[in-house]
Amino acid sequence: MIKRLKTSIALLGLITLTPLAHALSQPRDTAELPELQSTSLMRNEARLIVEMLETMHFESAEISNETFAEHITHYMEDLDYNKLYFLQEDHAAFVEKFGKDLGFRLRYQGDLTAAFEIYSLYRDRAIARIDWAIEQLDDDWSFDTDEYYVYDRSESPWPADETEAENQWRLRLKYELLQEILNDKTQEEAKERIAKRYQRMLRNIYEFGSKDVQEVFLTSLTKMFDPHSSFLSSDTLEDFNIQMRLKLIGIGAMLSEEDGYCVIRELVPGAPAMRSNKLQPNDKIVAVAQEGEEPVDIIGMGLRKVVDKIRGEKGSTVTLTIIPADAIDSSVREVVEIVRDEVHINSNRATGHIHEVPDEDGQISKIGVIEIPSFYGGDEYFENGQRYLTSVTSDVEELVNKMENAGVSGIVLDLRHNGGGLLDEAIRMTGLFIRRGPVVQVREKSGYVIPHMDRDSKVAYDGPLAVLTSRYSASASEILAGALQNYGRSITVGNSSTHGKGTVQQVFSLDQYVLRKDLANDKAGAAKLTIRKFYLPNGFSTQRKGVVPDVELHSVEEVNAVGEADLPAALAWDYIKPVARFVEMTLKTGLVEALSNARDNRMQALEEFAFQQKRLAWLQERKDRKEISLNLEKRKVLMEEDKLFIEAMEDEQRQLANLNYKTTEIKLDSVVREEAQRAAEEAAYKASQASATEAETQTVAETEETAANDSEVAANAETNEAEKKEDIPEFDIQLRETLRIIKDAISFSSDPDEWTQPALPIASKSRFEQLVN
């Protein structure tokens, strides 16, 4: 089961990174705990959330008493993710006390008594653990026994008694201490760092108030309907609205809190984090440093506070300490410097390359590849005083035309890292490759279906086409890939399926539903609810199953990425009868079999696939680990083995990179003009600087020339050594094989119309089995 993404409460349930927070050298915080009580507004919000789930959610239905009883369990799990605070008897007692009438209390009264009482016990247990942790940190710890720590207990039962809970906490403390010792800290330094985390956690407990408890409680209810619905408190809603209105200066990453860690969920295309090529989804940020300052440990810190530390002045540098998603050990740390900036419009745009792909006889075929990072549009930019709006469809059309003029035999649309974007752009882009017809059908909760059509008969490109996808391809990118597949217009290549997000959410502000008097001294929150689903032209939903490729290719994304089907309570896949006239086409069985057989032969013969298989097996083995040794020497041995394996793989990748195809970049005209303008401005600036300081520079150069030359030689040698150590050339096995696949298809026929045949009707037995499976 995939870990649940936490709201800010996770910092409490934080059994997660280190024991509770308290610095050994600092006095206990004596501030009073926030009083937990609801207001008239909060009660109305709770009542409205139930009503909206029952009437406005896509799968709206009256919530049963059994579901409300299950809500108690989900709420306790959201507070205590790793099952370390509550006991089994606590769970049984709360279900018995609140389970039977919780529905009545919430639906008609908006009563939050259950939320506050359960959280109060959780809070008391968390604070009590602080005293226990302080006592334990005073002891000397040894790491020479064969004990193991289970770092994900989400599917484990709660401890049966206090003795079992205490033993789990002892292992947790030992794990946290060992993590620091493996990062070259002494035991005393490790204790001090962990103690400070507990102090921070304690402060978080004292800052966590009634509205925070309400947000966690109501969101745990909405997420029983689907993983994308939630309740937003007024503070969270304000943050959400700011992000929608402004371009905040930061690194350009979507963050979430998971078991106390700040986790990178998504990198914004064109933003500093993605441009750095040093961060990736599922990296964990454990410390943040401002320019000229020491790193601040953020484990257990509230997500809002973490975001505040990462944001800053444009052009300033923030230094992140991370645990890489593919780290060989959870004690591994890497330091990444990012210059804060807004998203660069041109960095976020589609890019093109032409690859020269040889066959067995050495004959070269030119294949174009267009990487589409998102379905962007509507952002303004200026050239020579003229205002323009970006459009991914226009950009792709320009790149297609340039590639055709360059004589490509086929084109690949690379959607592997495309998480979606504007639906209209996905529809328009589909129209570049089909004559006209339905692209996507959107179904309302009422059952009413609205078809969205490409009505333009103009086709920008009718030649051989492939679409490359991965588990990260989601939402609008699944619509493009699925529609082109429905028309038989492309060969879909990629992981076993795309992400599978086929739903639409809408935010409903609650201020229009509550009494005006309730808003006199407070602001209302909002409900984010799933209200629609996407369906392809043939009536297949993209929800949960995503788009299944014609030719499957394995990749790292299948190991690391989380699909919609992995999320708890994800809505089901289904099928509707198409409302728009549509004739479905599919690739000929003989073509798909030929392409798959050729792929299989290459996988057996080519060294790059053996390399890939070794890497995937290694990553999968680490992902499947449920526990980790607490023996210092064993951990050192494991880390050394992993280090040697990675170094060997890096050396092998450097050798394989010599096989990379010759590639030519194809740039958008606006990008070429912007680069020329920047280069001219930079040259003018350097010239003015050189002229102003020429005399002074000459004097300094004469007196310090020898020393400067010596320093430069040393610096260059140091830089070259670092680059030699860190520079791992790109070698994209999945893209290389996709290029070979489309080349094989062109050998079958250069006319894509010869690739296709009418699809079997849905009523046929074989097609029905395909739907069900």
# chains A, B, ... in the order shown; residues from 1 in each chain; ligands from 1
>>> select_by_dssp(residues="segment 69-309 of chain A", states="strand (DSSP E)", output="PyMOL selection string")
chain A and resi 148-150+230-232+253-258+261-267+284-290+296-297
>>> select_by_dssp(residues="segment 370-496 of chain A", states="helix (DSSP H, G or I)", output="PDB file with N, CA and C atoms, in the first residue's frame")
ATOM      1  N   VAL A 392       1.472  25.248 -26.394  1.00  0.00           N
ATOM      2  CA  VAL A 392       2.261  24.056 -26.673  1.00  0.00           C
ATOM      3  C   VAL A 392       1.905  23.485 -28.042  1.00  0.00           C
ATOM      4  N   THR A 393       0.653  23.624 -28.444  1.00  0.00           N
ATOM      5  CA  THR A 393       0.255  23.112 -29.752  1.00  0.00           C
ATOM      6  C   THR A 393       0.962  23.847 -30.874  1.00  0.00           C
ATOM      7  N   SER A 394       1.023  25.169 -30.769  1.00  0.00           N
ATOM      8  CA  SER A 394       1.729  25.966 -31.783  1.00  0.00           C
ATOM      9  C   SER A 394       3.206  25.620 -31.806  1.00  0.00           C
ATOM     10  N   ASP A 395       3.789  25.407 -30.620  1.00  0.00           N
ATOM     11  CA  ASP A 395       5.212  25.058 -30.557  1.00  0.00           C
ATOM     12  C   ASP A 395       5.474  23.705 -31.210  1.00  0.00           C
ATOM     13  N   VAL A 396       4.632  22.729 -30.917  1.00  0.00           N
ATOM     14  CA  VAL A 396       4.820  21.391 -31.496  1.00  0.00           C
ATOM     15  C   VAL A 396       4.626  21.441 -33.004  1.00  0.00           C
ATOM     16  N   GLU A 397       3.655  22.216 -33.463  1.00  0.00           N
ATOM     17  CA  GLU A 397       3.442  22.342 -34.906  1.00  0.00           C
ATOM     18  C   GLU A 397       4.669  22.949 -35.583  1.00  0.00           C
ATOM     19  N   GLU A 398       5.273  23.953 -34.959  1.00  0.00           N
ATOM     20  CA  GLU A 398       6.480  24.560 -35.532  1.00  0.00           C
ATOM     21  C   GLU A 398       7.620  23.548 -35.599  1.00  0.00           C
ATOM     22  N   LEU A 399       7.802  22.773 -34.536  1.00  0.00           N
ATOM     23  CA  LEU A 399       8.873  21.772 -34.521  1.00  0.00           C
ATOM     24  C   LEU A 399       8.612  20.672 -35.548  1.00  0.00           C
ATOM     25  N   VAL A 400       7.354  20.262 -35.690  1.00  0.00           N
ATOM     26  CA  VAL A 400       7.006  19.244 -36.689  1.00  0.00           C
ATOM     27  C   VAL A 400       7.361  19.735 -38.089  1.00  0.00           C
ATOM     28  N   ASN A 401       6.993  20.978 -38.392  1.00  0.00           N
ATOM     29  CA  ASN A 401       7.296  21.531 -39.720  1.00  0.00           C
ATOM     30  C   ASN A 401       8.792  21.578 -39.976  1.00  0.00           C
ATOM     31  N   LYS A 402       9.562  21.985 -38.973  1.00  0.00           N
ATOM     32  CA  LYS A 402      11.017  22.042 -39.138  1.00  0.00           C
ATOM     33  C   LYS A 402      11.602  20.650 -39.343  1.00  0.00           C
ATOM     34  N   MET A 403      11.070  19.682 -38.647  1.00  0.00           N
ATOM     35  CA  MET A 403      11.570  18.314 -38.792  1.00  0.00           C
ATOM     36  C   MET A 403      11.234  17.736 -40.160  1.00  0.00           C
ATOM     37  N   GLU A 404      10.041  18.024 -40.632  1.00  0.00           N
ATOM     38  CA  GLU A 404       9.681  17.557 -41.985  1.00  0.00           C
ATOM     39  C   GLU A 404      10.590  18.194 -43.026  1.00  0.00           C
ATOM     40  N   ASN A 405      10.874  19.474 -42.854  1.00  0.00           N
ATOM     41  CA  ASN A 405      11.778  20.156 -43.794  1.00  0.00           C
ATOM     42  C   ASN A 405      13.180  19.573 -43.736  1.00  0.00           C
ATOM     43  N   LEU A 423      -6.510  21.128 -20.799  1.00  0.00           N
ATOM     44  CA  LEU A 423      -7.257  20.166 -21.617  1.00  0.00           C
ATOM     45  C   LEU A 423      -7.399  20.657 -23.056  1.00  0.00           C
ATOM     46  N   ASP A 424      -7.672  21.947 -23.239  1.00  0.00           N
ATOM     47  CA  ASP A 424      -7.853  22.491 -24.590  1.00  0.00           C
ATOM     48  C   ASP A 424      -6.609  22.289 -25.449  1.00  0.00           C
ATOM     49  N   GLU A 425      -5.436  22.418 -24.838  1.00  0.00           N
ATOM     50  CA  GLU A 425      -4.196  22.231 -25.596  1.00  0.00           C
ATOM     51  C   GLU A 425      -4.021  20.764 -26.000  1.00  0.00           C
ATOM     52  N   ALA A 426      -4.411  19.842 -25.123  1.00  0.00           N
ATOM     53  CA  ALA A 426      -4.320  18.421 -25.473  1.00  0.00           C
ATOM     54  C   ALA A 426      -5.243  18.101 -26.649  1.00  0.00           C
ATOM     55  N   ILE A 427      -6.428  18.722 -26.665  1.00  0.00           N
ATOM     56  CA  ILE A 427      -7.371  18.504 -27.763  1.00  0.00           C
ATOM     57  C   ILE A 427      -6.819  19.096 -29.056  1.00  0.00           C
ATOM     58  N   ARG A 428      -6.310  20.321 -28.986  1.00  0.00           N
ATOM     59  CA  ARG A 428      -5.764  20.973 -30.183  1.00  0.00           C
ATOM     60  C   ARG A 428      -4.555  20.205 -30.731  1.00  0.00           C
ATOM     61  N   MET A 429      -3.706  19.695 -29.822  1.00  0.00           N
ATOM     62  CA  MET A 429      -2.526  18.976 -30.290  1.00  0.00           C
ATOM     63  C   MET A 429      -2.917  17.664 -30.966  1.00  0.00           C
ATOM     64  N   THR A 430      -3.910  16.985 -30.438  1.00  0.00           N
ATOM     65  CA  THR A 430      -4.392  15.779 -31.105  1.00  0.00           C
ATOM     66  C   THR A 430      -4.807  16.102 -32.530  1.00  0.00           C
ATOM     67  N   GLY A 431      -5.423  17.279 -32.700  1.00  0.00           N
ATOM     68  CA  GLY A 431      -5.872  17.704 -34.023  1.00  0.00           C
ATOM     69  C   GLY A 431      -4.758  17.923 -35.025  1.00  0.00           C
ATOM     70  N   ALA A 476      -3.888  15.102 -18.972  1.00  0.00           N
ATOM     71  CA  ALA A 476      -4.006  15.546 -20.362  1.00  0.00           C
ATOM     72  C   ALA A 476      -3.084  14.763 -21.297  1.00  0.00           C
ATOM     73  N   SER A 477      -1.903  14.338 -20.809  1.00  0.00           N
ATOM     74  CA  SER A 477      -1.007  13.563 -21.677  1.00  0.00           C
ATOM     75  C   SER A 477      -1.599  12.189 -21.985  1.00  0.00           C
ATOM     76  N   GLU A 478      -2.395  11.648 -21.062  1.00  0.00           N
ATOM     77  CA  GLU A 478      -3.068  10.373 -21.315  1.00  0.00           C
ATOM     78  C   GLU A 478      -4.180  10.545 -22.341  1.00  0.00           C
ATOM     79  N   ILE A 479      -4.797  11.721 -22.362  1.00  0.00           N
ATOM     80  CA  ILE A 479      -5.831  11.995 -23.353  1.00  0.00           C
ATOM     81  C   ILE A 479      -5.225  12.039 -24.752  1.00  0.00           C
ATOM     82  N   LEU A 480      -4.099  12.739 -24.905  1.00  0.00           N
ATOM     83  CA  LEU A 480      -3.424  12.783 -26.205  1.00  0.00           C
ATOM     84  C   LEU A 480      -2.994  11.382 -26.636  1.00  0.00           C
ATOM     85  N   ALA A 481      -2.294  10.670 -25.750  1.00  0.00           N
ATOM     86  CA  ALA A 481      -1.792   9.334 -26.107  1.00  0.00           C
ATOM     87  C   ALA A 481      -2.939   8.381 -26.415  1.00  0.00           C
ATOM     88  N   GLY A 482      -3.999   8.421 -25.583  1.00  0.00           N
ATOM     89  CA  GLY A 482      -5.116   7.513 -25.776  1.00  0.00           C
ATOM     90  C   GLY A 482      -5.910   7.817 -27.036  1.00  0.00           C
ATOM     91  N   ALA A 483      -6.121   9.113 -27.326  1.00  0.00           N
ATOM     92  CA  ALA A 483      -6.876   9.491 -28.522  1.00  0.00           C
ATOM     93  C   ALA A 483      -6.128   9.075 -29.787  1.00  0.00           C
ATOM     94  N   LEU A 484      -4.828   9.347 -29.844  1.00  0.00           N
ATOM     95  CA  LEU A 484      -4.048   8.958 -31.023  1.00  0.00           C
ATOM     96  C   LEU A 484      -4.042   7.439 -31.190  1.00  0.00           C
ATOM     97  N   GLN A 485      -4.030   6.721 -30.071  1.00  0.00           N
ATOM     98  CA  GLN A 485      -4.096   5.258 -30.135  1.00  0.00           C
ATOM     99  C   GLN A 485      -5.468   4.805 -30.643  1.00  0.00           C
ATOM    100  N   ASN A 486      -6.538   5.462 -30.185  1.00  0.00           N
ATOM    101  CA  ASN A 486      -7.902   5.115 -30.636  1.00  0.00           C
ATOM    102  C   ASN A 486      -8.063   5.274 -32.138  1.00  0.00           C
TER     103      ASN A 486
END
>>> residues_around(residues="Glu337 of chain A", least_positions_apart="6", cutoff="7 Å", atoms="only C-alpha atoms", output="list in words")
Thr317, Val318, Thr319 and Leu320 of chain A
>>> residues_around(residues="segment 623-634 of chain A", least_positions_apart="4", cutoff="10 Å", atoms="only C-alpha atoms", output="number ranges by chain")
A: 142-153, 171-172, 174-179, 181-182, 326, 329-330, 559-560, 617-619, 638-640
>>> atom_distance(atom1="atom CA of Glu356 of chain A", atom2="atom CA of Thr589 of chain A")
28.2 Å
>>> closest_residue(among="A:Ile63, A:Ile338, A:Met224, A:Leu218", to="Arg275 of chain A", atoms="only C-alpha atoms")
A:Ile338
>>> residues_around(residues="Asn521 of chain A", least_positions_apart="3", cutoff="10 Å", atoms="only C-alpha atoms", output="PDB file with N, CA and C atoms, in the first residue's frame")
ATOM      1  N   LEU A  41     -18.807  28.322  12.857  1.00  0.00           N
ATOM      2  CA  LEU A  41     -18.340  28.193  11.475  1.00  0.00           C
ATOM      3  C   LEU A  41     -17.764  26.804  11.227  1.00  0.00           C
ATOM      4  N   LYS A 517     -23.025  35.738   9.604  1.00  0.00           N
ATOM      5  CA  LYS A 517     -22.560  36.035  10.963  1.00  0.00           C
ATOM      6  C   LYS A 517     -21.364  35.162  11.354  1.00  0.00           C
ATOM      7  N   ASP A 518     -21.284  33.963  10.752  1.00  0.00           N
ATOM      8  CA  ASP A 518     -20.154  33.083  11.054  1.00  0.00           C
ATOM      9  C   ASP A 518     -18.847  33.591  10.456  1.00  0.00           C
TER      10      ASP A 518
END
>>> atom_distance(atom1="atom CA of Tyr535 of chain A", atom2="atom CA of Gln757 of chain A")
21.7 Å
>>> residues_around(residues="Pro578 of chain A", least_positions_apart="5", cutoff="12 Å", atoms="only C-alpha atoms", output="number ranges by chain")
A: 437-443, 448-452, 534-541, 583-584, 762
>>> atom_distance(atom1="atom CA of Gln386 of chain A", atom2="atom CA of Ala350 of chain A")
21.4 Å
>>> closest_residue(among="A:Phe225, A:Glu291, A:Lys533, A:Asn597", to="Lys445 of chain A", atoms="only C-alpha atoms")
A:Lys533
>>> residues_around(residues="segment 56-62 of chain A", least_positions_apart="3", cutoff="7 Å", atoms="only C-alpha atoms", output="PyMOL selection string")
chain A and resi 52-53+445+529-532
>>> write_last_selection(atoms="C-alpha atoms", output="PDB file, in the first residue's frame")
ATOM      1  CA  MET A  52     -21.263  17.999  -0.494  1.00  0.00           C
ATOM      2  CA  LEU A  53     -19.751  14.523  -0.525  1.00  0.00           C
ATOM      3  CA  LYS A 445     -21.760  13.146 -11.975  1.00  0.00           C
ATOM      4  CA  LEU A 529     -14.063  17.545  -4.818  1.00  0.00           C
ATOM      5  CA  THR A 530     -13.787  15.170  -7.762  1.00  0.00           C
ATOM      6  CA  ILE A 531     -16.730  16.047 -10.019  1.00  0.00           C
ATOM      7  CA  ARG A 532     -15.964  14.671 -13.511  1.00  0.00           C
TER       8      ARG A 532
END
>>> closest_residue(among="A:Asn282, A:Ser750, A:Gln290, A:Ser670", to="Arg349 of chain A", atoms="only C-alpha atoms")
A:Ser670
>>> closest_residue(among="A:Val263, A:Arg435, A:Ser230, A:Ser473", to="Ser457 of chain A", atoms="only C-alpha atoms")
A:Arg435
>>> closest_residue(among="A:Asn82, A:Ser233, A:Lys97, A:Arg203", to="Trp169 of chain A", atoms="only C-alpha atoms")
A:Asn82
>>> closest_residue(among="A:Leu303, A:Ala165, A:Leu33, A:Met603", to="Trp132 of chain A", atoms="only C-alpha atoms")
A:Ala165
>>> decode(residues="segment 459-499 of chain A", atoms="N, CA and C atoms", output="PDB file, in the first residue's frame")
ATOM      1  N   VAL A 459      -4.322  18.934 -41.051  1.00  0.00           N
ATOM      2  CA  VAL A 459      -3.410  17.991 -40.403  1.00  0.00           C
ATOM      3  C   VAL A 459      -1.989  18.497 -40.593  1.00  0.00           C
ATOM      4  N   ALA A 460      -1.284  18.697 -39.501  1.00  0.00           N
ATOM      5  CA  ALA A 460       0.085  19.209 -39.578  1.00  0.00           C
ATOM      6  C   ALA A 460       1.067  18.121 -40.004  1.00  0.00           C
ATOM      7  N   TYR A 461       0.759  16.867 -39.642  1.00  0.00           N
ATOM      8  CA  TYR A 461       1.699  15.783 -39.943  1.00  0.00           C
ATOM      9  C   TYR A 461       0.920  14.482 -40.074  1.00  0.00           C
ATOM     10  N   ASP A 462       1.088  13.795 -41.201  1.00  0.00           N
ATOM     11  CA  ASP A 462       0.389  12.530 -41.417  1.00  0.00           C
ATOM     12  C   ASP A 462       1.356  11.369 -41.615  1.00  0.00           C
ATOM     13  N   GLY A 463       2.616  11.580 -41.244  1.00  0.00           N
ATOM     14  CA  GLY A 463       3.621  10.529 -41.404  1.00  0.00           C
ATOM     15  C   GLY A 463       3.695   9.607 -40.207  1.00  0.00           C
ATOM     16  N   PRO A 464       4.676   8.679 -40.214  1.00  0.00           N
ATOM     17  CA  PRO A 464       4.848   7.720 -39.123  1.00  0.00           C
ATOM     18  C   PRO A 464       5.032   8.423 -37.772  1.00  0.00           C
ATOM     19  N   LEU A 465       4.291   7.963 -36.768  1.00  0.00           N
ATOM     20  CA  LEU A 465       4.268   8.642 -35.470  1.00  0.00           C
ATOM     21  C   LEU A 465       4.283   7.615 -34.340  1.00  0.00           C
ATOM     22  N   ALA A 466       5.056   7.901 -33.302  1.00  0.00           N
ATOM     23  CA  ALA A 466       5.059   7.082 -32.086  1.00  0.00           C
ATOM     24  C   ALA A 466       4.887   8.008 -30.893  1.00  0.00           C
ATOM     25  N   VAL A 467       4.278   7.499 -29.834  1.00  0.00           N
ATOM     26  CA  VAL A 467       4.106   8.242 -28.589  1.00  0.00           C
ATOM     27  C   VAL A 467       4.783   7.449 -27.486  1.00  0.00           C
ATOM     28  N   LEU A 468       5.732   8.078 -26.792  1.00  0.00           N
ATOM     29  CA  LEU A 468       6.495   7.423 -25.731  1.00  0.00           C
ATOM     30  C   LEU A 468       5.949   7.884 -24.380  1.00  0.00           C
ATOM     31  N   THR A 469       5.503   6.935 -23.550  1.00  0.00           N
ATOM     32  CA  THR A 469       4.870   7.260 -22.273  1.00  0.00           C
ATOM     33  C   THR A 469       5.582   6.554 -21.122  1.00  0.00           C
ATOM     34  N   SER A 470       5.183   6.920 -19.917  1.00  0.00           N
ATOM     35  CA  SER A 470       5.696   6.266 -18.705  1.00  0.00           C
ATOM     36  C   SER A 470       4.629   6.364 -17.627  1.00  0.00           C
ATOM     37  N   ARG A 471       4.956   5.850 -16.455  1.00  0.00           N
ATOM     38  CA  ARG A 471       4.017   5.936 -15.330  1.00  0.00           C
ATOM     39  C   ARG A 471       3.814   7.370 -14.875  1.00  0.00           C
ATOM     40  N   TYR A 472       4.717   8.275 -15.271  1.00  0.00           N
ATOM     41  CA  TYR A 472       4.562   9.688 -14.915  1.00  0.00           C
ATOM     42  C   TYR A 472       3.639  10.428 -15.890  1.00  0.00           C
ATOM     43  N   SER A 473       3.323   9.841 -17.017  1.00  0.00           N
ATOM     44  CA  SER A 473       2.416  10.484 -17.981  1.00  0.00           C
ATOM     45  C   SER A 473       1.010  10.457 -17.409  1.00  0.00           C
ATOM     46  N   ALA A 474       0.418  11.636 -17.228  1.00  0.00           N
ATOM     47  CA  ALA A 474      -0.868  11.673 -16.519  1.00  0.00           C
ATOM     48  C   ALA A 474      -1.801  12.703 -17.123  1.00  0.00           C
ATOM     49  N   SER A 475      -3.090  12.495 -16.861  1.00  0.00           N
ATOM     50  CA  SER A 475      -4.146  13.471 -17.147  1.00  0.00           C
ATOM     51  C   SER A 475      -4.187  13.840 -18.625  1.00  0.00           C
ATOM     52  N   ALA A 476      -3.888  15.102 -18.972  1.00  0.00           N
ATOM     53  CA  ALA A 476      -4.006  15.546 -20.362  1.00  0.00           C
ATOM     54  C   ALA A 476      -3.084  14.763 -21.297  1.00  0.00           C
ATOM     55  N   SER A 477      -1.903  14.338 -20.809  1.00  0.00           N
ATOM     56  CA  SER A 477      -1.007  13.563 -21.677  1.00  0.00           C
ATOM     57  C   SER A 477      -1.599  12.189 -21.985  1.00  0.00           C
ATOM     58  N   GLU A 478      -2.395  11.648 -21.062  1.00  0.00           N
ATOM     59  CA  GLU A 478      -3.068  10.373 -21.315  1.00  0.00           C
ATOM     60  C   GLU A 478      -4.180  10.545 -22.341  1.00  0.00           C
ATOM     61  N   ILE A 479      -4.797  11.721 -22.362  1.00  0.00           N
ATOM     62  CA  ILE A 479      -5.831  11.995 -23.353  1.00  0.00           C
ATOM     63  C   ILE A 479      -5.225  12.039 -24.752  1.00  0.00           C
ATOM     64  N   LEU A 480      -4.099  12.739 -24.905  1.00  0.00           N
ATOM     65  CA  LEU A 480      -3.424  12.783 -26.205  1.00  0.00           C
ATOM     66  C   LEU A 480      -2.994  11.382 -26.636  1.00  0.00           C
ATOM     67  N   ALA A 481      -2.294  10.670 -25.750  1.00  0.00           N
ATOM     68  CA  ALA A 481      -1.792   9.334 -26.107  1.00  0.00           C
ATOM     69  C   ALA A 481      -2.939   8.381 -26.415  1.00  0.00           C
ATOM     70  N   GLY A 482      -3.999   8.421 -25.583  1.00  0.00           N
ATOM     71  CA  GLY A 482      -5.116   7.513 -25.776  1.00  0.00           C
ATOM     72  C   GLY A 482      -5.910   7.817 -27.036  1.00  0.00           C
ATOM     73  N   ALA A 483      -6.121   9.113 -27.326  1.00  0.00           N
ATOM     74  CA  ALA A 483      -6.876   9.491 -28.522  1.00  0.00           C
ATOM     75  C   ALA A 483      -6.128   9.075 -29.787  1.00  0.00           C
ATOM     76  N   LEU A 484      -4.828   9.347 -29.844  1.00  0.00           N
ATOM     77  CA  LEU A 484      -4.048   8.958 -31.023  1.00  0.00           C
ATOM     78  C   LEU A 484      -4.042   7.439 -31.190  1.00  0.00           C
ATOM     79  N   GLN A 485      -4.030   6.721 -30.071  1.00  0.00           N
ATOM     80  CA  GLN A 485      -4.096   5.258 -30.135  1.00  0.00           C
ATOM     81  C   GLN A 485      -5.468   4.805 -30.643  1.00  0.00           C
ATOM     82  N   ASN A 486      -6.538   5.462 -30.185  1.00  0.00           N
ATOM     83  CA  ASN A 486      -7.902   5.115 -30.636  1.00  0.00           C
ATOM     84  C   ASN A 486      -8.063   5.274 -32.138  1.00  0.00           C
ATOM     85  N   TYR A 487      -7.397   6.282 -32.696  1.00  0.00           N
ATOM     86  CA  TYR A 487      -7.490   6.522 -34.139  1.00  0.00           C
ATOM     87  C   TYR A 487      -6.502   5.659 -34.928  1.00  0.00           C
ATOM     88  N   GLY A 488      -5.704   4.866 -34.218  1.00  0.00           N
ATOM     89  CA  GLY A 488      -4.678   4.080 -34.908  1.00  0.00           C
ATOM     90  C   GLY A 488      -3.621   4.971 -35.522  1.00  0.00           C
ATOM     91  N   ARG A 489      -3.516   6.168 -34.973  1.00  0.00           N
ATOM     92  CA  ARG A 489      -2.639   7.172 -35.584  1.00  0.00           C
ATOM     93  C   ARG A 489      -1.195   7.050 -35.142  1.00  0.00           C
ATOM     94  N   SER A 490      -0.944   6.357 -34.055  1.00  0.00           N
ATOM     95  CA  SER A 490       0.433   6.268 -33.550  1.00  0.00           C
ATOM     96  C   SER A 490       0.690   4.892 -32.957  1.00  0.00           C
ATOM     97  N   ILE A 491       1.963   4.600 -32.793  1.00  0.00           N
ATOM     98  CA  ILE A 491       2.387   3.428 -32.032  1.00  0.00           C
ATOM     99  C   ILE A 491       2.688   3.924 -30.621  1.00  0.00           C
ATOM    100  N   THR A 492       1.980   3.393 -29.639  1.00  0.00           N
ATOM    101  CA  THR A 492       2.217   3.796 -28.253  1.00  0.00           C
ATOM    102  C   THR A 492       3.245   2.862 -27.637  1.00  0.00           C
ATOM    103  N   VAL A 493       4.317   3.451 -27.109  1.00  0.00           N
ATOM    104  CA  VAL A 493       5.429   2.692 -26.530  1.00  0.00           C
ATOM    105  C   VAL A 493       5.638   3.192 -25.100  1.00  0.00           C
ATOM    106  N   GLY A 494       5.885   2.278 -24.167  1.00  0.00           N
ATOM    107  CA  GLY A 494       6.158   2.747 -22.812  1.00  0.00           C
ATOM    108  C   GLY A 494       5.937   1.699 -21.753  1.00  0.00           C
ATOM    109  N   ASN A 495       5.821   2.163 -20.506  1.00  0.00           N
ATOM    110  CA  ASN A 495       5.610   1.275 -19.366  1.00  0.00           C
ATOM    111  C   ASN A 495       4.288   0.530 -19.511  1.00  0.00           C
ATOM    112  N   SER A 496       4.023  -0.387 -18.607  1.00  0.00           N
ATOM    113  CA  SER A 496       2.827  -1.230 -18.709  1.00  0.00           C
ATOM    114  C   SER A 496       1.544  -0.420 -18.765  1.00  0.00           C
ATOM    115  N   SER A 497       1.564   0.783 -18.216  1.00  0.00           N
ATOM    116  CA  SER A 497       0.451   1.718 -18.374  1.00  0.00           C
ATOM    117  C   SER A 497       0.938   3.101 -17.963  1.00  0.00           C
ATOM    118  N   THR A 498       0.151   4.105 -18.322  1.00  0.00           N
ATOM    119  CA  THR A 498       0.439   5.460 -17.856  1.00  0.00           C
ATOM    120  C   THR A 498      -0.082   5.594 -16.424  1.00  0.00           C
ATOM    121  N   HIS A 499      -0.070   6.809 -15.888  1.00  0.00           N
ATOM    122  CA  HIS A 499      -0.405   7.019 -14.473  1.00  0.00           C
ATOM    123  C   HIS A 499      -1.841   6.604 -14.151  1.00  0.00           C
TER     124      HIS A 499
END
